[in-house]
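Text of protein28.txt (compact mmCIF, C-alpha atoms) as supplied:
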```txt
# COMPACT_ATOMS: atom_id res chain seq x y z
CA MET O 561 107.21 197.59 162.70
CA ALA O 562 110.06 196.40 164.95
CA HIS O 563 109.94 197.39 168.62
CA MET O 564 112.98 198.26 170.71
CA SER O 565 113.56 196.43 173.97
CA THR O 566 112.97 198.54 177.08
CA ALA O 567 115.47 196.39 179.02
CA ARG O 568 118.61 198.05 180.36
CA THR O 569 121.83 196.57 181.74
CA THR O 570 124.07 197.73 184.56
CA VAL O 571 127.16 196.32 182.81
CA ASP O 572 129.10 197.32 179.69
CA PHE O 573 129.42 194.38 177.29
CA ASP O 574 132.53 195.94 175.74
CA ARG O 575 134.51 196.56 178.94
CA SER O 576 137.41 194.28 179.91
CA GLY O 577 137.56 192.51 183.25
CA LYS O 578 134.78 191.01 185.37
CA GLN O 579 131.46 192.80 185.80
CA ILE O 580 128.52 191.49 187.82
CA GLY O 581 125.20 193.26 187.48
CA PHE O 582 121.68 192.97 186.14
CA VAL O 583 119.38 193.22 183.16
CA ASP O 584 116.51 195.46 184.31
CA ILE O 585 113.23 194.84 182.51
CA PRO O 586 110.51 197.35 183.46
CA HIS O 587 107.65 195.59 185.22
CA SER O 588 104.59 197.26 186.67
CA PRO O 589 102.52 194.83 188.77
CA HIS O 590 99.90 195.85 191.32
CA ASP O 591 102.39 196.43 194.14
CA ASP O 592 105.20 198.18 192.20
CA ALA O 593 104.16 200.83 189.71
CA TRP O 594 107.62 201.71 188.35
CA GLY O 595 109.74 198.68 189.23
CA ALA O 596 111.78 196.21 187.24
CA THR O 597 112.52 192.50 187.09
CA ARG O 598 116.28 192.34 187.77
CA ILE O 599 117.90 189.39 185.99
CA PRO O 600 121.46 188.53 187.11
CA LEU O 601 124.09 189.11 184.45
CA ALA O 602 127.87 188.85 184.42
CA VAL O 603 130.45 189.58 181.73
CA ILE O 604 134.04 188.32 181.93
CA SER O 605 136.20 189.67 179.14
CA ASN O 606 139.89 189.76 178.33
CA GLY O 607 141.90 190.04 175.13
CA ASN O 608 140.86 188.65 171.79
CA GLY O 609 138.70 185.62 171.21
CA PRO O 610 135.14 184.45 170.71
CA THR O 611 132.12 185.41 172.78
CA VAL O 612 130.40 182.52 174.53
CA ILE O 613 126.95 182.93 176.10
CA LEU O 614 126.29 180.69 179.11
CA GLN O 615 122.68 180.50 180.24
CA ALA O 616 120.89 178.63 183.03
CA GLY O 617 117.61 178.93 184.89
CA ASN O 618 115.58 178.77 181.69
CA HIS O 619 113.28 176.63 183.82
CA GLY O 620 113.22 177.62 187.47
CA ASP O 621 113.18 174.09 188.92
CA GLU O 622 116.45 173.02 187.28
CA TYR O 623 119.34 173.72 189.62
CA GLU O 624 122.65 172.29 188.43
CA GLY O 625 123.11 174.97 185.76
CA PRO O 626 122.50 178.02 187.98
CA ILE O 627 124.82 176.61 190.65
CA THR O 628 127.57 175.96 188.08
CA LEU O 629 127.35 179.43 186.53
CA GLY O 630 127.23 181.15 189.92
CA GLU O 631 130.44 179.40 190.87
CA LEU O 632 132.05 180.36 187.57
CA ILE O 633 131.11 184.02 188.08
CA ARG O 634 132.69 184.05 191.52
CA GLU O 635 135.77 181.97 190.78
CA LEU O 636 136.92 182.68 187.22
CA ASP O 637 139.95 184.95 186.90
CA PRO O 638 139.55 187.27 183.87
CA GLY O 639 143.25 186.77 183.15
CA MET O 640 142.48 183.18 182.19
CA VAL O 641 139.98 184.29 179.53
CA SER O 642 140.72 184.87 175.85
CA GLY O 643 137.61 186.56 174.54
CA ARG O 644 134.34 187.17 176.35
CA ILE O 645 131.94 185.12 178.45
CA ILE O 646 128.41 186.41 179.00
CA LEU O 647 126.72 184.61 181.89
CA LEU O 648 122.98 184.57 182.56
CA PRO O 649 122.73 182.17 185.53
CA ALA O 650 119.03 182.74 186.35
CA ILE O 651 117.57 184.00 183.09
CA ASN O 652 113.97 183.20 184.04
CA LEU O 653 114.28 184.87 187.43
CA PRO O 654 110.59 184.81 188.45
CA ALA O 655 110.50 181.05 187.84
CA VAL O 656 113.88 180.52 189.55
CA LEU O 657 112.72 182.32 192.69
CA ALA O 658 109.53 180.25 192.71
CA GLY O 659 111.26 176.94 191.91
CA ARG O 660 108.82 176.42 189.03
CA ARG O 661 109.16 175.35 185.41
CA THR O 662 106.88 178.18 184.32
CA SER O 663 106.80 181.81 185.38
CA PRO O 664 104.48 182.63 188.29
CA VAL O 665 104.00 186.07 186.72
CA ASP O 666 102.38 185.13 183.40
CA GLY O 667 102.27 181.31 183.48
CA LEU O 668 104.50 180.95 180.42
CA ASN O 669 107.29 178.47 179.77
CA LEU O 670 110.24 180.65 178.72
CA ASN O 671 111.59 177.87 176.52
CA ARG O 672 108.45 177.96 174.39
CA THR O 673 108.44 181.75 173.82
CA PHE O 674 111.56 182.35 171.69
CA PRO O 675 112.33 184.58 169.84
CA GLY O 676 110.05 186.52 172.17
CA ASP O 677 108.30 189.87 172.03
CA PRO O 678 109.85 193.06 173.48
CA THR O 679 106.34 194.43 174.10
CA GLY O 680 104.84 191.18 175.42
CA THR O 681 104.56 189.70 178.91
CA ILE O 682 107.60 189.56 181.16
CA THR O 683 108.56 186.06 179.93
CA GLN O 684 108.26 187.13 176.28
CA GLN O 685 110.37 190.21 177.01
CA ILE O 686 113.09 188.05 178.58
CA SER O 687 113.29 185.75 175.56
CA ALA O 688 113.28 188.78 173.24
CA TYR O 689 116.20 190.29 175.16
CA VAL O 690 118.20 187.08 174.78
CA SER O 691 117.29 186.73 171.09
CA ASP O 692 117.64 190.37 170.02
CA ILE O 693 120.38 191.75 172.29
CA VAL O 694 122.51 188.91 173.66
CA MET O 695 122.65 186.31 170.87
CA PRO O 696 123.93 188.80 168.24
CA LEU O 697 126.96 189.37 170.49
CA GLY O 698 127.88 185.69 170.58
CA HIS O 699 129.71 183.04 168.63
CA ALA O 700 128.50 180.16 170.81
CA TYR O 701 125.57 179.54 173.14
CA VAL O 702 125.27 177.03 175.98
CA ASP O 703 121.90 176.49 177.67
CA LEU O 704 122.09 174.33 180.81
CA HIS O 705 118.97 172.30 181.60
CA SER O 706 118.02 169.37 183.79
CA GLY O 707 114.82 167.36 184.16
CA GLY O 708 113.21 169.71 186.66
CA SER O 709 110.61 168.66 189.20
CA SER O 710 108.57 166.51 186.81
CA LEU O 711 111.32 164.41 185.22
CA ASN O 712 114.51 162.56 186.08
CA ILE O 713 116.95 162.21 183.17
CA LEU O 714 120.26 160.45 182.62
CA PRO O 715 122.91 163.24 182.71
CA SER O 716 123.73 164.12 179.14
CA ALA O 717 124.85 166.81 176.73
CA ILE O 718 122.38 167.70 173.98
CA ILE O 719 122.90 168.29 170.27
CA GLU O 720 120.39 170.67 168.69
CA PRO O 721 120.18 169.69 164.99
CA ALA O 722 121.23 172.28 162.41
CA PRO O 723 120.21 172.10 158.74
CA ASP O 724 123.65 173.18 157.51
CA ALA O 725 126.23 170.36 157.58
CA ALA O 726 129.13 172.60 158.70
CA HIS O 727 127.01 174.10 161.48
CA ARG O 728 125.84 170.64 162.54
CA LYS O 729 129.48 169.55 162.75
CA ARG O 730 130.36 172.57 164.94
CA ASN O 731 127.50 171.78 167.29
CA MET O 732 128.42 168.12 167.56
CA GLU O 733 132.10 168.84 168.22
CA ALA O 734 131.25 171.32 170.99
CA VAL O 735 128.75 168.94 172.59
CA LEU O 736 131.21 166.05 172.48
CA ALA O 737 133.80 168.34 174.10
CA PHE O 738 131.41 168.76 177.06
CA ASP O 739 132.27 165.08 177.69
CA ALA O 740 129.04 164.03 179.39
CA PRO O 741 128.41 160.31 179.96
CA LEU O 742 125.81 160.43 177.19
CA THR O 743 125.29 162.65 174.16
CA VAL O 744 121.72 162.86 172.85
CA VAL O 745 120.30 164.44 169.71
CA ILE O 746 117.02 166.16 170.65
CA ASP O 747 114.98 168.30 168.29
CA ASN O 748 111.91 168.64 170.58
CA LEU O 749 109.78 167.31 167.71
CA GLY O 750 110.85 170.24 165.57
CA GLU O 751 109.74 172.84 168.14
CA PRO O 752 111.09 176.22 166.89
CA ARG O 753 110.41 178.24 170.06
CA THR O 754 113.24 176.90 172.23
CA SER O 755 116.36 178.87 173.05
CA THR O 756 118.67 176.36 171.37
CA ALA O 757 116.57 176.24 168.17
CA THR O 758 116.72 180.04 168.12
CA SER O 759 120.48 179.95 168.69
CA VAL O 760 120.91 177.60 165.74
CA ARG O 761 118.86 179.92 163.51
CA ALA O 762 121.17 182.73 164.62
CA GLY O 763 124.17 180.70 163.42
CA LEU O 764 125.71 180.13 166.87
CA THR O 765 127.56 176.99 167.88
CA THR O 766 124.96 175.54 170.22
CA VAL O 767 125.21 173.20 173.23
CA GLY O 768 122.45 171.98 175.52
CA THR O 769 122.35 169.73 178.56
CA GLU O 770 120.00 167.61 180.62
CA MET O 771 121.51 167.19 184.09
CA ALA O 772 119.37 164.72 186.07
CA GLY O 773 116.42 166.50 187.72
CA ALA O 774 113.78 165.09 190.08
CA GLY O 775 113.37 168.53 191.65
CA THR O 776 116.67 168.31 193.53
CA VAL O 777 120.42 168.75 193.05
CA SER O 778 122.25 165.67 191.82
CA LEU O 779 125.84 165.63 193.07
CA ASP O 780 126.93 163.47 190.14
CA ALA O 781 125.21 165.68 187.57
CA LEU O 782 126.55 168.83 189.21
CA GLY O 783 130.08 167.48 188.90
CA ILE O 784 129.49 166.65 185.24
CA CYS O 785 128.07 170.13 184.63
CA ARG O 786 130.95 171.93 186.36
CA LYS O 787 133.57 170.08 184.34
CA GLY O 788 131.57 170.15 181.11
CA VAL O 789 131.14 173.92 180.99
CA ARG O 790 134.88 174.44 181.40
CA ASN O 791 135.52 171.74 178.78
CA VAL O 792 133.37 173.60 176.25
CA LEU O 793 134.98 176.94 177.05
CA SER O 794 138.37 175.31 176.51
CA HIS O 795 137.21 173.70 173.26
CA LEU O 796 136.06 177.10 171.99
CA GLY O 797 139.40 178.70 172.89
CA VAL O 798 138.08 180.99 175.63
CA LEU O 799 139.85 179.08 178.43
CA PRO O 800 143.21 177.29 178.27
CA PRO O 801 143.21 173.68 177.08
CA THR O 802 142.10 171.14 179.69
CA GLY O 803 144.12 168.28 178.21
CA LYS O 804 143.46 165.60 175.62
CA PRO O 805 140.14 166.15 173.79
CA PRO O 806 137.50 163.53 174.66
CA ALA O 807 137.15 160.70 172.18
CA ALA O 808 133.81 160.27 170.43
CA ARG O 809 132.04 157.21 171.85
CA PRO O 810 129.51 156.07 169.24
CA GLU O 811 127.76 153.74 171.70
CA ASN O 812 127.07 156.75 173.96
CA ILE O 813 125.55 158.97 171.25
CA LEU O 814 121.78 158.63 171.23
CA ARG O 815 118.70 160.34 169.86
CA ILE O 816 115.05 160.55 170.86
CA PRO O 817 113.20 158.88 167.97
CA GLY O 818 110.47 161.48 167.47
CA HIS O 819 106.99 160.83 168.81
CA ASP O 820 107.80 157.17 169.38
CA GLY O 821 110.33 158.17 172.03
CA TYR O 822 107.65 159.39 174.43
CA VAL O 823 105.35 157.16 176.48
CA LEU O 824 102.29 159.25 177.38
CA ALA O 825 99.71 158.60 180.05
CA THR O 826 96.46 157.32 178.57
CA THR O 827 94.33 158.06 181.64
CA ASP O 828 94.46 159.86 184.96
CA GLY O 829 95.92 158.06 187.97
CA VAL O 830 99.26 157.02 189.49
CA PHE O 831 101.99 155.72 187.19
CA GLU O 832 103.92 152.61 188.24
CA PRO O 833 107.08 152.31 186.10
CA PHE O 834 108.41 148.89 185.22
CA HIS O 835 112.02 149.90 184.43
CA GLY O 836 114.72 152.12 185.89
CA LEU O 837 116.81 154.73 184.09
CA GLY O 838 119.23 153.16 181.63
CA ALA O 839 117.26 149.91 181.24
CA LYS O 840 117.13 148.43 177.75
CA VAL O 841 113.57 148.23 176.46
CA HIS O 842 111.73 147.22 173.30
CA ALA O 843 108.80 148.47 171.25
CA GLY O 844 105.55 146.82 172.35
CA GLU O 845 106.88 146.03 175.83
CA ASP O 846 104.93 147.33 178.83
CA ALA O 847 106.51 150.50 180.22
CA GLY O 848 104.32 150.54 183.31
CA ARG O 849 100.73 150.86 184.40
CA ILE O 850 98.41 153.56 185.67
CA HIS O 851 96.40 152.87 188.81
CA ASN O 852 93.03 154.46 189.61
CA LEU O 853 93.31 154.74 193.39
CA ALA O 854 89.72 155.93 193.77
CA ASP O 855 88.41 152.77 192.11
CA PRO O 856 90.39 149.79 193.47
CA GLY O 857 88.21 147.34 191.54
CA ARG O 858 89.33 148.82 188.24
CA THR O 859 92.19 147.02 186.49
CA PRO O 860 95.25 149.27 186.02
CA GLU O 861 95.83 150.48 182.47
CA ASN O 862 99.14 149.47 180.91
CA VAL O 863 101.17 151.79 178.68
CA ARG O 864 103.75 150.49 176.21
CA TYR O 865 107.00 151.54 174.58
CA LEU O 866 106.80 152.53 170.92
CA SER O 867 110.53 152.23 170.24
CA ASP O 868 113.53 150.09 171.14
CA GLY O 869 116.21 151.84 173.18
CA ILE O 870 117.03 152.71 176.77
CA VAL O 871 114.97 154.50 179.41
CA TYR O 872 116.45 157.99 179.15
CA GLY O 873 113.97 159.93 181.28
CA ARG O 874 111.22 159.00 183.70
CA ARG O 875 108.44 160.99 185.29
CA GLN O 876 109.21 162.00 188.86
CA PRO O 877 105.77 162.58 190.46
CA GLY O 878 103.64 159.45 190.61
CA ARG O 879 100.43 161.32 189.85
CA VAL O 880 99.64 161.66 186.14
CA VAL O 881 96.85 162.95 183.95
CA ALA O 882 96.21 161.83 180.41
CA GLY O 883 98.91 163.21 178.13
CA ASN O 884 101.65 163.46 180.75
CA CYS O 885 105.03 162.09 179.65
CA CYS O 886 105.69 159.01 181.78
CA VAL O 887 108.88 157.72 180.14
CA THR O 888 111.26 158.92 177.44
CA VAL O 889 113.24 156.44 175.35
CA ALA O 890 116.51 157.16 173.56
CA THR O 891 117.92 154.98 170.83
CA ARG O 892 121.26 154.65 169.03
CA TYR O 893 122.19 157.62 166.86
CA GLU O 894 122.91 156.43 163.33
CA GLY O 895 123.98 159.74 161.76
CA GLU O 896 127.50 160.86 160.92
CA LEU O 897 129.85 161.85 163.73
CA ALA O 898 131.68 165.17 163.60
```
Spell out the structure here as structure tokens.
Amino acid sequence: MAHMSTARTTVDFDRSGKQIGFVDIPHSPHDDAWGATRIPLAVISNGNGPTVILQAGNHGDEYEGPITLGELIRELDPGMVSGRIILLPAINLPAVLAGRRTSPVDGLNLNRTFPGDPTGTITQQISAYVSDIVMPLGHAYVDLHSGGSSLNILPSAIIEPAPDAAHRKRNMEAVLAFDAPLTVVIDNLGEPRTSTATSVRAGLTTVGTEMAGAGTVSLDALGICRKGVRNVLSHLGVLPPTGKPPAARPENILRIPGHDGYVLATTDGVFEPFHGLGAKVHAGEDAGRIHNLADPGRTPENVRYLSDGIVYGRRQPGRVVAGNCCVTVATRYEGELA
């Protein structure tokens, strides 16, 4: 039996103009019997055109996306819009307020709970609201991520694979329109519980990003994100054209080669990387070593790359436990371009 969401909005999705309000999801913790988690929401609508959903704050320690969407909410003139933009700049509000990847309320990673549960924990209710209420309104979906506090990543726009060739082409064209320095195909090892995987299943043109990280705000990545969001909105026909469409750069289109793209810690300790972001590396080469600081007589344990490519992401904290991702490698994408 399907359950109805108990969430309510303070905006009207069908009204023209600019509205700034909230999604209220009832939440009854110890200190607030009849309260709600209030998630920021804005709708900017004018005339005819597609509906584009812009989301950020999926993880609360990723800052370039929320900053970009906040600016867009404040600055965008509805008269410039042809269609509708739904903006969710801090979708995982409890995590955003805490500056954490996971929610401090229930410990869940929002981006591993889709399509959610309208009767579940607060994180599951948030993902259910996006899946069941917001996504059916849209034609396109943009989810802005960065590396967060545990990872630093080369700024890039992300292609979520789609099984249908025409859908895959739409996704690739929209991601290339973002015009990031790199474009990377990431399927999260086939993980179906992400927002972008859910968006693809819903048939939406889907764009993701990874905008630096390291637990801070990258000025370069923020500039890329600001321009990229407007580029995509222009590409989709919601904003006026920005100029000549970006040319596809095959050498800048990469993919993470499955499990071999991830160098995992084999023991607890402190990871010493051997290469910086963007360095060319080879399978079998040492990626770094893990030091046991409590046992200085113990030889550090080396970890190795499993694939050729470039260093696309690198762990930010030095401290690791077995299984932590120390380095991510991206390699040349050999598929067809849109």
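Residues of protein, DNA or RNA having at least one counted atom within 12 Å of (107.5, 142.9, 177.2), given all atoms listed in the file, are Phe834, His835, Lys840, Val841, His842, Ala843, Gly844, Glu845, Asp846, Ala847, Gly848, Asn862, Val863, Arg864, Tyr865, Leu866 and Asp868 of chain O.
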Query raised in the report: Using all atoms listed in the file, can you list as a ChimeraX atom specification the residues within 12 Å of (107.7, 186.1, 171.0)?
Result: /O:563,668-692,752-755,758
Using only C-alpha atoms, find each residue in segment 687-766 of chain O having at least one atom no more than 9 Å away from segment 877-880 of chain O; report its shortest atom-to-atom pair and that distance in Å (one decimal), rows by chain then rising number, as a tab-separated table.
```
residue	atom	partner	partner_atom	distance
O:Ser709	CA	O:Pro877	CA	7.9
O:Ser710	CA	O:Pro877	CA	6.1
O:Leu711	CA	O:Pro877	CA	7.8
```
Report task. Write out as JSON, numbers by chain which residues come within 6 Å of segment 819-831 of chain O when counting all atoms listed in the file, dropping same-chain ones fewer than 6 positions away. Result -> {"O": [849, 850, 851, 852, 866, 867, 878, 879, 880, 881, 882, 883, 884, 885, 886, 887, 888, 889]}
Requested in this report: Skip segment 606-619 of chain O itself and residues of its chain fewer than 2 positions away, then list as a PyMOL selection string all residues within 9 Å of it, counting only C-alpha atoms.
Outcome: chain O and resi 575-578+604+621-629+638-653+655-656+659-663+669-671+694-695+697-706+708+755+789+793+796-798
Requested in this report: Could you tell me which of O:Pro721, O:Gly620, O:Gly818, O:Pro715 comes closest to Asp780 of chain O if we count only C-alpha atoms?
Outcome: O:Pro715
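Of the listed residues O:Ala737, O:Gly775, O:Thr597, O:Pro696, the one whose atoms come nearest to Gly803 of chain O is O:Ala737, with distances taken using all atoms listed in the file.
Distance-wise, atom CA of Asn812 of chain O and atom CA of Leu742 of chain O end up 5.1 Å apart.
Computed from the coordinates, the atom CA of Ile718 of chain O to atom CA of Ala839 of chain O distance equals 19.9 Å.
Using all atoms listed in the file, the protein and nucleic acid residues lying no more than 12 Å from Lys729 of chain O, apart from those fewer than 4 places from it along its own chain, are O:Ile719, O:Glu720, O:Pro721, O:Ala722, O:Pro723, O:Asp724, O:Ala725, O:Glu733, O:Ala734, O:Val735, O:Leu736, O:Leu764, O:Thr765, O:Thr766, O:Val767, O:Gly895, O:Glu896, O:Leu897, O:Ala898.
When atom CA of Asp637 of chain O is paired with atom CA of Val603 of chain O, their separation reads 11.8 Å.
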Show me, as JSON, the centre and edge lengths in Å to one decimal of the axis-aligned box that covers every listed atom of segment 870-874 of chain O with 5 Å on each side.
```
{"center_x": 114.1, "center_y": 156.3, "center_z": 180.2, "size_x": 15.8, "size_y": 17.2, "size_z": 16.9}
```
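The nearest approach to Leu782 of chain O among the residues O:Asn748, O:Ser716, O:Gln579, O:Ser605, with all atoms listed in the file taken into account, belongs to O:Ser716.
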